[in-house]
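In what follows, a single structure is set out as structure tokens and then discussed.
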Protein chains: 2
Amino acid sequence: MLNVDKQAFVSELISPNSSKIVLLVLDGIGDLPNDEGLTPLMKAHTPNMDRLAVISDLGQTIPVLPGITPGSGPGHLGLFGYDPIRYQIGRGILEALGEDIDVGELDVVARGNFATIDGEIIVDRRAGRPTTEESAKVVEILNANIKEIEDVKVTFYAGKEHRFVLKLTGEGLSDNIEDADPQKEGKPIKYTTALSSDAEKTARIVNKLLERIKEVLKDQPKMNFALVRGFSKYPKLPQFPEVYKLRAGAIAVYPMYRGLAKLVGMTVIPTGQTIEDEIETLKKEWNNYDFFFVHVKKTDSYGEDGKFDEKVNVIENVDRVIPEILSLNPDVLVITGDHSTPCAMKGHSFHPVPILFCAKHTRKGLSKAFNEFECARGSLGTIHSTDVMNLILAYAGRLEKFGA
Amino acid sequence: MLNVDKQAFVSELISPNSSKIVLLVLDGIGDLPNDEGLTPLMKAHTPNMDRLAVISDLGQTIPVLPGITPGSGPGHLGLFGYDPIRYQIGRGILEALGEDIDVGELDVVARGNFATIDGEIIVDRRAGRPTTEESAKVVEILNANIKEIEDVKVTFYAGKEHRFVLKLTGEGLSDNIEDADPQKEGKPIKYTTALSSDAEKTARIVNKLLERIKEVLKDQPKMNFALVRGFSKYPKLPQFPEVYKLRAGAIAVYPMYRGLAKLVGMTVIPTGQTIEDEIETLKKEWNNYDFFFVHVKKTDSYGEDGKFDEKVNVIENVDRVIPEILSLNPDVLVITGDHSTPCAMKGHSFHPVPILFCAKHTRKGLSKAFNEFECARGSLGTIHSTDVMNLILAYAGRLEKFGA
């Protein structure tokens with residue numbers, strides 16, 4: 001196919017109506033069979049999803065390319081219709097989103113690691129893996145001692161364990177600078193370098209900042225230095241509500257997913273900590289949006305931990321709330337994931353992701369259950385995740401015919 | 001994927017032989033299950049197609065993108081190997097093709113609607129939906145009174161109901177002008193505007209023409225004005241017989257499909273009004289072509305009308321002529337559609353389209369019947385319609401190996 005901006009192409013065909021759409025993302029839902037030959041989706045008792053499967057179109061998605069394991073950013077951007085290779089979100093931004101940090105137009109953010117140096121040599125890139133509490137204290141010290149470099153405001157935000165987020169705020173900053181991280185232990189401190197002339201100020205500020213950090217932390221036993229990388233400004237993405245002409249609300253417990261939704265212009269709706277809370281929010285806000293992105297995190301978390309039975313439990317929990325979603329009479333209900341997170345791999349993987357479209361006009365009757373095997377043989381075949389939004393709009397009757 | 005002209009790539013690999021190919025297109029064949037859980041293809045008694053399915057490779061095609069509903073133009077262009085997003089055929093040309101109107105290099109054609117105006121306001125965009133006969137009389141009046149504007153010849157061709165085709169013939173015409181149609185009732189007459197400087201003459205001619213039409217029709221009770229849109233010149237497409245090195249003949253009852261075949265350079269073979277007539281033509285012309293595009297319209301027509309049983313009947317009719325096609329010993333017989341036209345939707349849809357390739361070297365034995373479900377799980381998987389021609393050539397032994 002020619003190099004077409006698919007999202008722009010689809011946008012031209014949109015004809016809005018009053019339909020309601022729910023995109024339920026079970027993070028990392030795809031998995032591999034265990035010794036019994038069952039994936040968590042197969043093992044779980046899911047009468048509601050299985051009933052849906054019988055009246056739905058099933059398929060499986062490829063998030064980036066076959067064989068490519070996506071992070072959460074590319075995984076979700078694809079589902080939202082954004083080519084994840086074209087729109088790459090910097091690590092600094094993702095880390096900031098994950099910590100619920102506001103990032104504005106004048107900001108550059110980066111991911112930081114506390115590290116241990118001996119003289120000029122990095123001896124431990126993670127400073128002996130401090131606890132989140134220990135590292136938060138050092139972040140406080142930094143904030144108390146370093147408030148600005150030249151005319152640029154500097155803020156540190158505590159993260160998990162050895163991680164923190166650095167935010168620089170000021171005029172004329174750029175994110176086009178090298179990582180200040182030698183990547184390997186035993187190497188000397190690496191200062192950053194501007195990658196374009198308009199980034200020279202930022203590079204200078206960051207290098208001065210590294211000197212200040214070294215000075216302020218010189219008496220810390222382990223966390224006596226910091227590595228910073230993934231410098232990023234807030235990316236400008238086509239805005240989902242405009243592209244798809246949908247009032248879009250995001251219901252997600254974890255900050256990173258709320259942040260990703262915000263990046264594409266969805267309204268982030270406050271909600272509680274559980275799946276049940278999220279469904280309550282969905283019900284309460286039903287009339288205020290056309291499109292709901294509902295995110296369930298724990299399927300991925302237990303996949304990452306290799307906890308098969310716990311992943312099964314989360315799936316069963318989700319299955320129990322399906323009737324409540326259906327009671328709202330959505331015109332389109334999609335259940336899928338942003339990628340696979342097989343328990344046996346304890347991490348994201350490249351395997352295709354099961355997907356189910358429940359709507360009025362489906363080629364129903366082919367499939368008997370919602371799981372990896374049925375989806376691999378579903379009526380929609382194997383599709384790219386960036387086609388999910390086209391299909392959602394089509395099932396919702398929101399796309400005009402292309403050509404006469 | 002890189003920006004590859006797939007058609008040009010495939011063309012380079014062609015090595016002609018004496019094989020014979022039949023591409024049998026059942027327009028709008030794909031459908032959705034009815035209350036019994038059966039699509040027309042499942043419901044129909046099709047012993048011949050089912051026997052073929054057992055020895056064929058089955059799959060399903062995506063005509064444009066998942067979720068995109070194609071018109072007849074994009075649907076057929078895809079099957080013929082032309083990227084339907086790259087090659088967009090104007091509405092005026094399609095309308096002209098549908099009415100069997102010759103369009104030459106000096107022509108610009110457009111689709112016209114008779115409309116009712118009150119003063120300068122469009123009060124009915126379809127002039128009370130006149131009959132085809134009523135509107136043909138007004139077309140005669142226009143032709144009698146308006147023969148040219150400046151040096152440009154003007155011709156009106158009657159269409160169905162309120163529709164007609166406008167043809168402008170002259171030097172220096174362009175199709176790069178806006179629609180002269182406000183799209184909504186209650187709005188004033190919309191004159192056209194040139195979209196590039198080389199289109200200014202055409203825009204001026206069209207606006208003068210609109211004034212003339214208003215004057216000539218001022219005493220008509222309802223059809224007292226016209227809206228014109230979809231201005232298009234005859235598009236220059238790579239020519240199918242050259243690209244694929246195939247003597248290609250088209251057998252189609254309806255003008256639009258003959259026109260589409262002609263657009264890509266196939267020879268349009270005269271034929272009768274029925275499927276049986278088309279098969280007689282196929283037999284008679286068997287030695288004169290390598291590739292036959294045989295088009296069956298009624299599967300789509302009955303889908304558009306929501307007439308399930310009638311669609312089933314057409315499929316059974318087609319099934320009855322399959323042995324006659326096979327008696328010609330084609331090397332490759334492909335049965336498919338240009339898109340789906342589900343009876344329940346009474347229109348084209350975005351659902352994948354079943355396809356069957358019967359040839360010598362197939363991975364036969366997987367499928368038991370030719371229908372949407374078997375095709376979704378067929379040996380070829382879900383493919384893009386622009387890959388159908390590659391596969392046809394491959395099954396015909398007409399493609400060399402790529403690379404050593």
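Ordering of the structure tokens sets the chain letters (A, B, ...); residue numbers start at 1 within each chain; ligands are numbered from 1 in the order shown.
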
Can you work out which residues from chain A touch chain B at a cut-off of 6 Å (counting only C-alpha atoms) and hand them back as a VMD selection string? chain A and resid 2 to 3 363 377 379 381 387 390 to 391 394 401 to 404

DSSP says helix (DSSP H, G or I) for which residues of segment 167-258 of chain B? Put them as a PDB file with C-alpha atoms, in the first residue's frame?
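Saved the output as states.pdb:
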ATOM      1  CA  SER B 197      -5.646  28.509 -11.752  1.00  0.00           C
ATOM      2  CA  ASP B 198      -5.881  26.119 -14.734  1.00  0.00           C
ATOM      3  CA  ALA B 199      -9.492  25.386 -13.741  1.00  0.00           C
ATOM      4  CA  GLU B 200     -10.725  28.983 -13.951  1.00  0.00           C
ATOM      5  CA  LYS B 201     -12.105  28.594 -17.456  1.00  0.00           C
ATOM      6  CA  THR B 202     -14.085  25.484 -16.456  1.00  0.00           C
ATOM      7  CA  ALA B 203     -15.483  27.190 -13.351  1.00  0.00           C
ATOM      8  CA  ARG B 204     -16.585  30.190 -15.439  1.00  0.00           C
ATOM      9  CA  ILE B 205     -18.250  27.900 -18.019  1.00  0.00           C
ATOM     10  CA  VAL B 206     -20.068  25.920 -15.329  1.00  0.00           C
ATOM     11  CA  ASN B 207     -21.353  29.069 -13.610  1.00  0.00           C
ATOM     12  CA  LYS B 208     -22.593  30.517 -16.911  1.00  0.00           C
ATOM     13  CA  LEU B 209     -24.208  27.143 -17.598  1.00  0.00           C
ATOM     14  CA  LEU B 210     -26.032  27.211 -14.259  1.00  0.00           C
ATOM     15  CA  GLU B 211     -27.467  30.636 -15.169  1.00  0.00           C
ATOM     16  CA  ARG B 212     -28.606  29.265 -18.536  1.00  0.00           C
ATOM     17  CA  ILE B 213     -30.205  26.211 -16.897  1.00  0.00           C
ATOM     18  CA  LYS B 214     -32.104  28.464 -14.471  1.00  0.00           C
ATOM     19  CA  GLU B 215     -33.365  30.552 -17.379  1.00  0.00           C
ATOM     20  CA  VAL B 216     -34.348  27.591 -19.600  1.00  0.00           C
ATOM     21  CA  PHE B 240      -4.299  -3.970 -17.216  1.00  0.00           C
ATOM     22  CA  PRO B 241      -3.279  -5.890 -20.372  1.00  0.00           C
ATOM     23  CA  GLU B 242       0.148  -4.252 -20.301  1.00  0.00           C
ATOM     24  CA  VAL B 243       0.712  -4.431 -16.560  1.00  0.00           C
ATOM     25  CA  PRO B 255     -22.740  -0.477 -17.939  1.00  0.00           C
ATOM     26  CA  MET B 256     -20.821   0.644 -14.846  1.00  0.00           C
ATOM     27  CA  TYR B 257     -18.846  -2.597 -14.672  1.00  0.00           C
ATOM     28  CA  ARG B 258     -18.183  -2.590 -18.396  1.00  0.00           C
TER      29      ARG B 258
END

Skipping near chain neighbours, those fewer than 6 positions away, what residues fall within 8 Å of segment 9-21 of chain B using only C-alpha atoms, listed as a VMD selection string? chain B and resid 243 to 246 289 to 292 330 to 333 390 392 to 393 396 to 402

What's around Pro182 of chain A at 9 Å? Count only C-alpha atoms, leave out sequence neighbours fewer than 4 positions away in its own chain, and write the answer as a ChimeraX atom specification. /A:122,187-191,227

Nearest residue to Thr131 of chain B from the set B:Val108, B:Leu173, B:Met223, B:Ala44 (distances using only C-alpha atoms):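 The shortest atom-to-atom distance to Thr131 of chain B comes from B:Met223.
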
Distance in Å - atom CA of Asp27 of chain A versus atom CA of Val103 of chain A: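 Distance reported for this atom pair: 24.6 Å.
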
DSSP on the backbone: which residues in segment 264-357 of chain B end up as strand (DSSP E or B)? Give the answer as a tab-separated table (two decimals) with N, CA and C atoms, in the first residue's frame.
chain	number	residue	atom	x	y	z
B	267	THR	N	-10.83	-5.38	-22.77
B	267	THR	CA	-11.76	-5.33	-23.90
B	267	THR	C	-13.14	-5.70	-23.38
B	268	VAL	N	-14.10	-4.84	-23.66
B	268	VAL	CA	-15.46	-5.14	-23.21
B	268	VAL	C	-16.16	-5.96	-24.29
B	291	PHE	N	-7.60	-13.87	-19.99
B	291	PHE	CA	-8.20	-13.51	-18.71
B	291	PHE	C	-9.62	-13.00	-18.95
B	292	PHE	N	-10.56	-13.57	-18.24
B	292	PHE	CA	-11.95	-13.11	-18.35
B	292	PHE	C	-12.43	-12.60	-17.00
B	293	PHE	N	-12.90	-11.37	-17.01
B	293	PHE	CA	-13.62	-10.82	-15.85
B	293	PHE	C	-15.10	-11.02	-16.15
B	294	VAL	N	-15.75	-11.87	-15.36
B	294	VAL	CA	-17.19	-12.13	-15.57
B	294	VAL	C	-17.93	-11.57	-14.35
B	295	HIS	N	-18.83	-10.67	-14.62
B	295	HIS	CA	-19.50	-9.94	-13.54
B	295	HIS	C	-20.97	-10.33	-13.41
B	296	VAL	N	-21.37	-10.70	-12.20
B	296	VAL	CA	-22.78	-11.00	-11.91
B	296	VAL	C	-23.30	-9.93	-10.97
B	332	VAL	N	-7.06	-21.27	-13.94
B	332	VAL	CA	-7.40	-20.63	-12.65
B	332	VAL	C	-8.84	-20.14	-12.73
B	333	LEU	N	-9.63	-20.57	-11.75
B	333	LEU	CA	-10.98	-20.01	-11.60
B	333	LEU	C	-11.06	-19.38	-10.22
B	334	VAL	N	-11.36	-18.10	-10.20
B	334	VAL	CA	-11.52	-17.39	-8.92
B	334	VAL	C	-12.99	-16.99	-8.79
B	335	ILE	N	-13.56	-17.28	-7.65
B	335	ILE	CA	-14.93	-16.83	-7.36
B	335	ILE	C	-14.85	-15.92	-6.14
B	336	THR	N	-15.36	-14.72	-6.29
B	336	THR	CA	-15.32	-13.77	-5.17
B	336	THR	C	-16.31	-12.65	-5.41
B	340	SER	N	-18.94	-6.83	0.36
B	340	SER	CA	-20.13	-7.49	0.91
B	340	SER	C	-21.32	-6.55	0.78
B	349	SER	N	-21.17	-3.11	2.54
B	349	SER	CA	-20.63	-3.07	3.90
B	349	SER	C	-19.13	-3.28	3.87
B	353	VAL	N	-14.62	-10.23	2.31
B	353	VAL	CA	-15.30	-10.85	1.16
B	353	VAL	C	-14.74	-12.24	0.93
B	354	PRO	N	-15.60	-13.26	0.83
B	354	PRO	CA	-15.10	-14.62	0.58
B	354	PRO	C	-14.44	-14.74	-0.79
B	355	ILE	N	-13.41	-15.55	-0.87
B	355	ILE	CA	-12.73	-15.76	-2.16
B	355	ILE	C	-12.25	-17.21	-2.25
B	356	LEU	N	-12.30	-17.72	-3.45
B	356	LEU	CA	-11.90	-19.11	-3.74
B	356	LEU	C	-11.01	-19.11	-4.97
B	357	PHE	N	-9.86	-19.77	-4.86
B	357	PHE	CA	-8.96	-19.94	-6.00
B	357	PHE	C	-8.90	-21.42	-6.33

Might you pull out every residue within 12 Å of segment 136-142 of chain A, with only C-alpha atoms counted and same-chain residues fewer than 2 positions away left off, and present them as a ChimeraX atom specification? /A:112-115,127,130-134,144-148,154-166,209-210,212-226

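Non-sequential neighbours of Asp319 of chain A (distance at most 9 Å, separation of 5 or more positions within a chain, only C-alpha atoms) are His45, Thr46, Pro47, Asn48, Met49 and Val314 of chain A.
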